[in-house]
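*Asks:* Dropping a structure here in structure tokens format, bear with me for questions.
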Amino acid sequence: MPAFAPTVSPAVQALRPDFRAVSVRVTGGRNMLAEPEAAVMLQAAVAGVAEGPAWADEHLAAWAEAYRAFGARPNRTPCSAEALRKRALKQGSLPAINAVVDVYNALSLRYAVPVGGEDMAGYAGSPRLIVADGSEKFETTADGQPAVEAPDLGEVVWRDDAGVTCRRWNWRQGPRTRLTEDSTALWFVFERLDPMPLSAAEEAAGELVDYLRRLAPGLQADVTVLG
């Protein structure tokens, strides 16, 4: 397993002492543009999104509270799990992206938990969750063209040595570390707050690893808890 050690800064932990995340590092993995099991998992998760786990509504409300605490407006820029849920409820479907992304989106819906999936090959150093000072650079796209933004002062972001990789905790991922069908070194993070049980986040991560092993039986996986 290459040197790749995600961390959570003390400032973020002070903002939300209840924050814990399950980090999954995978090498020798495999992805595909489309795969039948992934399609079935995503469709089933969309069909059952209104049911959800017992903690779903309170967990998403906790994320909205966390966003407001660092100055974001969760009604305009909700956490990734809330955004997926709203799309699934409104549209009755979610577009397929690629097999691994479809599976972690399905798990995000089923467990009402923000899930990030990234290509470790796109990283400069290790990811760290910090409170931004506003000078960091976030490479993104605007109107189909490359663009560079800066996070707001006090915003919670994931970053590496080259800049921000995900804005507003888990709201928008940058294209530099995005998973594609060619990705083989994969990193995932399942981010939870109270009242979601940590054991449920670990269970969701385990389901993802099980799926990835079906695609690539020889992969190596390392699962740790952050925070």
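How things are named: the first chain in the structure tokens is A, the next is B, and so on; residues count from 1 in each chain; ligands count from 1 in the order shown.
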Neighbouring residues of Leu226 of chain A were defined as those with any atom within 7 Å, considering only C-alpha atoms; residues of the same chain fewer than 4 positions away were excluded. Please report them as a PyMOL selection string.
*Replies:* chain A and resi 7-8+20-23
*Asks:* Mind listing the strand (DSSP E) residues of segment 22-138 of chain A, per DSSP on the backbone, as a PyMOL selection string?
*Replies:* chain A and resi 22-27+115-119+128-131+138
*Asks:* Using only N, CA and C atoms, please write the residues we just selected to a file, as a short mmCIF file (atom, residue, chain, number, x, y, z; two decimals), in the first residue's frame.
*Replies:*
```cif
data_model
loop_
_atom_site.label_atom_id
_atom_site.label_comp_id
_atom_site.auth_asym_id
_atom_site.auth_seq_id
_atom_site.Cartn_x
_atom_site.Cartn_y
_atom_site.Cartn_z
N VAL A 22 -14.95 6.73 7.86
CA VAL A 22 -14.31 5.46 7.53
C VAL A 22 -13.58 5.64 6.21
N SER A 23 -12.27 5.48 6.26
CA SER A 23 -11.40 5.66 5.10
C SER A 23 -11.04 4.29 4.53
N VAL A 24 -11.18 4.16 3.22
CA VAL A 24 -10.89 2.90 2.53
C VAL A 24 -9.89 3.16 1.42
N ARG A 25 -8.70 2.60 1.54
CA ARG A 25 -7.68 2.71 0.49
C ARG A 25 -7.59 1.37 -0.24
N VAL A 26 -7.61 1.43 -1.56
CA VAL A 26 -7.60 0.21 -2.37
C VAL A 26 -6.52 0.33 -3.44
N THR A 27 -5.68 -0.69 -3.56
CA THR A 27 -4.75 -0.78 -4.69
C THR A 27 -5.02 -2.07 -5.43
N VAL A 115 -20.53 10.01 0.81
CA VAL A 115 -19.44 9.12 0.41
C VAL A 115 -18.63 9.79 -0.68
N GLY A 116 -17.33 9.84 -0.51
CA GLY A 116 -16.45 10.35 -1.55
C GLY A 116 -15.62 9.22 -2.12
N GLY A 117 -15.37 9.26 -3.42
CA GLY A 117 -14.53 8.27 -4.06
C GLY A 117 -13.55 8.97 -4.98
N GLU A 118 -12.25 8.71 -4.82
CA GLU A 118 -11.25 9.46 -5.56
C GLU A 118 -10.13 8.55 -6.05
N ASP A 119 -9.44 9.04 -7.07
CA ASP A 119 -8.31 8.32 -7.66
C ASP A 119 -7.04 8.77 -6.97
N ARG A 128 -6.15 15.83 3.40
CA ARG A 128 -6.36 16.28 4.78
C ARG A 128 -7.58 17.20 4.82
N LEU A 129 -8.38 17.00 5.83
CA LEU A 129 -9.60 17.79 6.02
C LEU A 129 -9.25 18.96 6.92
N ILE A 130 -9.41 20.19 6.39
CA ILE A 130 -8.95 21.38 7.10
C ILE A 130 -10.02 22.46 7.08
N VAL A 131 -9.77 23.51 7.87
CA VAL A 131 -10.55 24.75 7.77
C VAL A 131 -9.74 25.70 6.91
N PHE A 138 -8.85 25.81 -5.87
CA PHE A 138 -9.71 24.68 -6.21
C PHE A 138 -9.89 24.67 -7.72
#
```
*Asks:* Quick one: residues within 12 Å of Ala45 of chain A, only C-alpha atoms, excluding same-chain residues fewer than 4 positions away - as JSON, numbers by chain?
*Replies:* {"A": [38, 39, 40, 41, 49, 50, 51, 52, 53, 84, 85, 88, 89, 92, 93, 94, 102, 103, 104, 105, 106, 107, 108, 109, 110, 111, 112]}
*Asks:* If you count only C-alpha atoms, which residues fall within 12 Å of Glu58 of chain A, apart from same-chain ones fewer than 2 positions away, as a list in words?
*Replies:*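 Selected residues are Gly52, Pro53, Ala54, Trp55, Ala56, Leu60, Ala61, Ala62, Trp63, Ala64, Glu65, Glu82, Ala112, Val113, Arg192, Leu193, Asp194, Pro195, Met196 and Pro197 of chain A.
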*Asks:* In terms of the shortest atom-to-atom distance over only C-alpha atoms, which of A:Glu155, A:Asp160, A:Asp18, A:Glu136 is closest to Arg68 of chain A?
*Replies:*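 Among the listed residues, A:Glu155 lies closest to Arg68 of chain A.
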*Asks:* Identify all residues of segment 36-173 of chain A in alpha helix (DSSP H) (DSSP on the backbone) and supply them as JSON, numbers by chain.
*Replies:* {"A": [36, 37, 38, 39, 40, 41, 42, 43, 44, 45, 46, 47, 56, 57, 58, 59, 60, 61, 62, 63, 64, 65, 66, 67, 68, 69, 80, 81, 82, 83, 84, 85, 86, 87, 88, 89, 90, 91, 99, 100, 101, 102, 103, 104, 105, 106, 107, 108, 109, 110, 111]}
